[in-house]
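Following: one structure in structure tokens, then a few remarks.
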Amino acid sequence: MKQKAKEIIKHPLIYGSGIVVIGGMAANFFNFLFNLFMSRNLPVEDYGTLASIISLITFPSLIVSAVTPLIINFSGNYFAHGKLDMIRGLYLKISKFLLIIGILFFFSFLINISTISKFFHIENLSILIITDFMILLAFIGIVNVALLQAKLAFTFQVIINLLGSIVKLLVGATFIFLGYSVFGAVSAIFISGIVVYLTSFIPLRFLFNKKLIAKSVIDTKELFAYGIPSAITLFGLTSLISTDLILVKHYFDPNSAGIYAGMSLIGRVIFYISYPIGSVMFPLIVRKHSKNEDFGNTFKISLLMVFLPSVALTLFYSIFPKFSILFFLKKEEYLAAVPYVGLFGAFISLYCLLFIIANFYLSIKETKIYIPILIGAILQIVLISFYHQTYLEIIVISILITFLLVLGLLLYYPHATQKRL
């Protein structure tokens, strides 16, 4: 019995997920302290502005993170065989491409900053300028994140994420006390991002080894053949969890948008807990897939590890909505969200399952899933644009779309894996 327990604990998914989940919980503890501090020290409408800024950053950041599956797929195999020269070549090739795209995006954002300001009702342009810099940082930093995952450097990932969240909280609190309001909160996020980016090079020092001749035999067409569908997939996933916040900010009054942002914060606890499982599962399945090893159990265990806590938290939100709101937000104004917290938890739970399933398919290079996910994301935008009179309409639309996507992709599993397992 003890031997069996040891084998379970030593399973790469359980062990790796354990490190990432525990470390992620520590980092997310400070992230939530940051959000709680802001929700309690900023007016409701200002907190709504901060939430919309975070969503605005999330879109391009997670769009560019679409290269993560691509980098992990190729570099994971290189790490497994000790081909550091190939990794350096891949790093240089993708980094140059993303830097060019990032600079183009930066100036495009800057040119249209007045339009963006009007859409989000944000009069302080300095907030949007620093947001633009954060997006550029996301473009150049994503390669490091992917390489750390491919290297299975889970412990170091936990350390730098924890460091970033602590820096964000301390700097953010300091700026708020100094009277910088939303600008201070956004600046804190940017500074913490710089700290994480610079620190991430420590285990990747070999990238600067000039004696290591960079090699890359990867054809650009091959990169695009995998990268573009992956990008669309992650764009769709990002849209499904961010569009509601952005459209609520646009269609609702500032106070109502702030209440919805608070409810979203509570619901995202579920995602923060389950996200590390996917980040561990992906490189493990990439390695198993590249070696033609069985990966079915790894995927099923991942699903179970996401499903159980998601359901538990959703039930808790449904039974104790008032307690959940006051525990996280501490303001009576947010109690207007009491009838919707459980439903929003159900939406996030379904999204967590969808996220893990989609990443599984990308890890085995089954990229056709971008089609239904993109359709679902577009459908969510269209439906919310027409039906946004109440929070209930928006949440129900999101639940139905994510449920259909989860169901469809699970039904597709036997067909997608019959020639691979």
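Residues in the structure tokens are numbered from 1 in each chain, the chains being A, B, ... in the order shown, and ligands are numbered from 1 in the order shown.
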>> Based on the backbone DSSP call, show me all residues of range 207-396 of chain A assigned alpha helix (DSSP H), as an MDAnalysis selection string.
In response: chainID A and resid 220:251 254:290 296:319 321:329 341:363 370:386 391:396
>> Give me, as a count of residues only, all polymer residues having an atom no more than 10 Å from range 396-407 of chain A, counting only C-alpha atoms and skipping those fewer than 5 positions away in the same chain.
In response: 36
>> Residues near range 179-187 of chain A, anyone? I mean within 9 Å using only C-alpha atoms, not counting same-chain ones fewer than 4 positions away, as a PyMOL selection string.
In response: chain A and resi 34+38+41-42+46-47+49-50+53-54+124+126-127+130-131+168-169+171-175+191-192
>> So that I can see what lies close to His121 in chain A, please list as an MDAnalysis selection string the residues with an atom at most 10 Å from it, counting only C-alpha atoms and leaving out residues fewer than 2 positions away in the same chain.
In response: chainID A and resid 49 115:119 123:124 249:250 254
> Between CA of Ser239 in chain A and CA of Leu392 in chain A, what is the distance, to one decimal in Å?
Replying inline: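 Computing the Euclidean distance for CA of Ser239 in chain A and CA of Leu392 in chain A yields 18.7 Å.
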>> Give me, as a list in words, all polymer residues having an atom no more than 12 Å from Glu332 in chain A, counting only C-alpha atoms and skipping those fewer than 3 positions away in the same chain.
In response: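 Contacts, in chain order: Ser39, Arg40, Val44, Ile259, Gly262, Lys322, Phe323, Ile325, Leu326, Phe327, Phe328, Leu329, Leu335, Ala336, Ala337 and Val338 of chain A.
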>> Using only C-alpha atoms for the distances, tell me which of A:Leu56, A:Ile166, A:Leu204, A:Ile364 is nearest to Phe295 in chain A.
In response: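 The closest residue to Phe295 in chain A is A:Ile364.
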> Which neighbours of range 278-283 of chain A fall inside 7 Å, counting only C-alpha atoms, when residues of the same chain fewer than 2 positions from it are skipped, and could you give them as a ChimeraX atom specification?
Replying inline: /A:13,16-17,72,76,149-150,275-276,285-287,302,356,359-360,363
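Distance check against Thr298 in chain A using only C-alpha atoms: of A:Ile277, A:Ala416, A:Phe154, A:Ala225, the minimum falls on A:Ile277.
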>> Let me make sure I understand: among A:Ser114, A:Asn297, A:Ser274, A:Thr417, which one has the smallest atom-to-atom distance to Leu313 in chain A if we use only C-alpha atoms?
In response: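 Nearest candidate to Leu313 in chain A out of A:Ser114, A:Asn297, A:Ser274, A:Thr417: A:Ser274.
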Restrict the calculation to only C-alpha atoms, then for each residue of range 70-115 of chain A with any atom at most 12 Å from an atom of range 141-148 of chain A give the closest atom pair and their distance in Å to one decimal, rows by chain and rising residue number, as JSON lines.
{"residue": "A:Leu70", "atom": "CA", "partner": "A:Ala146", "partner_atom": "CA", "distance": 8.8}
{"residue": "A:Ile71", "atom": "CA", "partner": "A:Ala146", "partner_atom": "CA", "distance": 6.2}
{"residue": "A:Ile72", "atom": "CA", "partner": "A:Ala146", "partner_atom": "CA", "distance": 6.0}
{"residue": "A:Asn73", "atom": "CA", "partner": "A:Ala146", "partner_atom": "CA", "distance": 9.7}
{"residue": "A:Phe74", "atom": "CA", "partner": "A:Leu147", "partner_atom": "CA", "distance": 9.9}
{"residue": "A:Ser75", "atom": "CA", "partner": "A:Leu147", "partner_atom": "CA", "distance": 7.0}
{"residue": "A:Gly76", "atom": "CA", "partner": "A:Leu147", "partner_atom": "CA", "distance": 8.0}
{"residue": "A:Asn77", "atom": "CA", "partner": "A:Leu147", "partner_atom": "CA", "distance": 11.3}
{"residue": "A:Tyr78", "atom": "CA", "partner": "A:Leu147", "partner_atom": "CA", "distance": 10.6}
{"residue": "A:Phe79", "atom": "CA", "partner": "A:Leu147", "partner_atom": "CA", "distance": 9.3}
{"residue": "A:Leu84", "atom": "CA", "partner": "A:Leu147", "partner_atom": "CA", "distance": 11.4}
{"residue": "A:Ile87", "atom": "CA", "partner": "A:Leu147", "partner_atom": "CA", "distance": 8.6}
{"residue": "A:Arg88", "atom": "CA", "partner": "A:Leu147", "partner_atom": "CA", "distance": 10.3}
{"residue": "A:Leu90", "atom": "CA", "partner": "A:Val143", "partner_atom": "CA", "distance": 9.6}
{"residue": "A:Tyr91", "atom": "CA", "partner": "A:Val143", "partner_atom": "CA", "distance": 7.0}
{"residue": "A:Leu92", "atom": "CA", "partner": "A:Val143", "partner_atom": "CA", "distance": 9.6}
{"residue": "A:Lys93", "atom": "CA", "partner": "A:Val143", "partner_atom": "CA", "distance": 10.5}
{"residue": "A:Ile94", "atom": "CA", "partner": "A:Val143", "partner_atom": "CA", "distance": 7.6}
{"residue": "A:Ser95", "atom": "CA", "partner": "A:Val143", "partner_atom": "CA", "distance": 6.8}
{"residue": "A:Lys96", "atom": "CA", "partner": "A:Val143", "partner_atom": "CA", "distance": 10.6}
{"residue": "A:Phe97", "atom": "CA", "partner": "A:Val143", "partner_atom": "CA", "distance": 11.0}
{"residue": "A:Leu98", "atom": "CA", "partner": "A:Val143", "partner_atom": "CA", "distance": 8.9}
{"residue": "A:Leu99", "atom": "CA", "partner": "A:Gly141", "partner_atom": "CA", "distance": 9.6}
{"residue": "A:Gly102", "atom": "CA", "partner": "A:Gly141", "partner_atom": "CA", "distance": 10.6}
Keeping only N, CA and C atoms, write the selected residues as a PDB file, in the first residue's frame.
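Writing done, so here's part_14.pdb:
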ATOM      1  N   LEU A  70       4.032  25.571 -29.523  1.00  0.00           N
ATOM      2  CA  LEU A  70       5.008  25.362 -30.578  1.00  0.00           C
ATOM      3  C   LEU A  70       6.410  25.208 -29.989  1.00  0.00           C
ATOM      4  N   ILE A  71       6.798  26.131 -29.105  1.00  0.00           N
ATOM      5  CA  ILE A  71       8.137  26.096 -28.512  1.00  0.00           C
ATOM      6  C   ILE A  71       8.320  24.842 -27.668  1.00  0.00           C
ATOM      7  N   ILE A  72       7.304  24.513 -26.862  1.00  0.00           N
ATOM      8  CA  ILE A  72       7.410  23.328 -26.002  1.00  0.00           C
ATOM      9  C   ILE A  72       7.508  22.064 -26.841  1.00  0.00           C
ATOM     10  N   ASN A  73       6.728  22.006 -27.922  1.00  0.00           N
ATOM     11  CA  ASN A  73       6.758  20.818 -28.773  1.00  0.00           C
ATOM     12  C   ASN A  73       8.145  20.561 -29.344  1.00  0.00           C
ATOM     13  N   PHE A  74       8.790  21.618 -29.840  1.00  0.00           N
ATOM     14  CA  PHE A  74      10.106  21.445 -30.454  1.00  0.00           C
ATOM     15  C   PHE A  74      11.228  21.414 -29.419  1.00  0.00           C
ATOM     16  N   SER A  75      11.242  22.384 -28.500  1.00  0.00           N
ATOM     17  CA  SER A  75      12.350  22.452 -27.544  1.00  0.00           C
ATOM     18  C   SER A  75      12.294  21.336 -26.504  1.00  0.00           C
ATOM     19  N   GLY A  76      11.073  20.839 -26.201  1.00  0.00           N
ATOM     20  CA  GLY A  76      10.960  19.730 -25.258  1.00  0.00           C
ATOM     21  C   GLY A  76      11.719  18.515 -25.753  1.00  0.00           C
ATOM     22  N   ASN A  77      11.614  18.255 -27.036  1.00  0.00           N
ATOM     23  CA  ASN A  77      12.345  17.146 -27.642  1.00  0.00           C
ATOM     24  C   ASN A  77      13.848  17.426 -27.636  1.00  0.00           C
ATOM     25  N   TYR A  78      14.244  18.683 -27.880  1.00  0.00           N
ATOM     26  CA  TYR A  78      15.665  19.046 -27.879  1.00  0.00           C
ATOM     27  C   TYR A  78      16.262  18.908 -26.479  1.00  0.00           C
ATOM     28  N   PHE A  79      15.529  19.350 -25.465  1.00  0.00           N
ATOM     29  CA  PHE A  79      16.008  19.213 -24.084  1.00  0.00           C
ATOM     30  C   PHE A  79      16.187  17.736 -23.723  1.00  0.00           C
ATOM     31  N   LEU A  84      21.278  21.587 -27.007  1.00  0.00           N
ATOM     32  CA  LEU A  84      21.185  22.983 -26.596  1.00  0.00           C
ATOM     33  C   LEU A  84      21.400  23.941 -27.758  1.00  0.00           C
ATOM     34  N   ILE A  87      18.124  24.447 -29.362  1.00  0.00           N
ATOM     35  CA  ILE A  87      17.262  25.283 -28.538  1.00  0.00           C
ATOM     36  C   ILE A  87      17.635  26.755 -28.710  1.00  0.00           C
ATOM     37  N   ARG A  88      18.941  27.022 -28.729  1.00  0.00           N
ATOM     38  CA  ARG A  88      19.398  28.409 -28.914  1.00  0.00           C
ATOM     39  C   ARG A  88      18.971  28.940 -30.284  1.00  0.00           C
ATOM     40  N   LEU A  90      16.354  27.940 -32.017  1.00  0.00           N
ATOM     41  CA  LEU A  90      14.906  28.143 -31.966  1.00  0.00           C
ATOM     42  C   LEU A  90      14.571  29.425 -31.215  1.00  0.00           C
ATOM     43  N   TYR A  91      15.286  29.665 -30.104  1.00  0.00           N
ATOM     44  CA  TYR A  91      15.060  30.869 -29.292  1.00  0.00           C
ATOM     45  C   TYR A  91      15.307  32.132 -30.119  1.00  0.00           C
ATOM     46  N   LEU A  92      16.426  32.186 -30.805  1.00  0.00           N
ATOM     47  CA  LEU A  92      16.771  33.367 -31.585  1.00  0.00           C
ATOM     48  C   LEU A  92      15.783  33.595 -32.727  1.00  0.00           C
ATOM     49  N   LYS A  93      15.395  32.523 -33.371  1.00  0.00           N
ATOM     50  CA  LYS A  93      14.492  32.621 -34.515  1.00  0.00           C
ATOM     51  C   LYS A  93      13.131  33.163 -34.103  1.00  0.00           C
ATOM     52  N   ILE A  94      12.561  32.613 -33.033  1.00  0.00           N
ATOM     53  CA  ILE A  94      11.224  33.018 -32.604  1.00  0.00           C
ATOM     54  C   ILE A  94      11.267  34.379 -31.907  1.00  0.00           C
ATOM     55  N   SER A  95      12.328  34.639 -31.138  1.00  0.00           N
ATOM     56  CA  SER A  95      12.434  35.917 -30.423  1.00  0.00           C
ATOM     57  C   SER A  95      12.487  37.097 -31.393  1.00  0.00           C
ATOM     58  N   LYS A  96      13.255  36.957 -32.476  1.00  0.00           N
ATOM     59  CA  LYS A  96      13.339  38.035 -33.466  1.00  0.00           C
ATOM     60  C   LYS A  96      11.982  38.292 -34.108  1.00  0.00           C
ATOM     61  N   PHE A  97      11.275  37.218 -34.410  1.00  0.00           N
ATOM     62  CA  PHE A  97       9.959  37.348 -35.031  1.00  0.00           C
ATOM     63  C   PHE A  97       8.980  38.044 -34.094  1.00  0.00           C
ATOM     64  N   LEU A  98       8.964  37.621 -32.821  1.00  0.00           N
ATOM     65  CA  LEU A  98       8.028  38.202 -31.858  1.00  0.00           C
ATOM     66  C   LEU A  98       8.376  39.649 -31.523  1.00  0.00           C
ATOM     67  N   LEU A  99       9.665  39.975 -31.526  1.00  0.00           N
ATOM     68  CA  LEU A  99      10.074  41.352 -31.261  1.00  0.00           C
ATOM     69  C   LEU A  99       9.551  42.279 -32.352  1.00  0.00           C
ATOM     70  N   GLY A 102       5.836  42.537 -31.920  1.00  0.00           N
ATOM     71  CA  GLY A 102       5.549  43.325 -30.725  1.00  0.00           C
ATOM     72  C   GLY A 102       5.710  44.814 -30.955  1.00  0.00           C
TER      73      GLY A 102
END
> CA of Tyr340 in chain A and CA of Tyr317 in chain A, how far apart in Å?
Replying inline: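 Between these atoms lies a distance of 9.3 Å.
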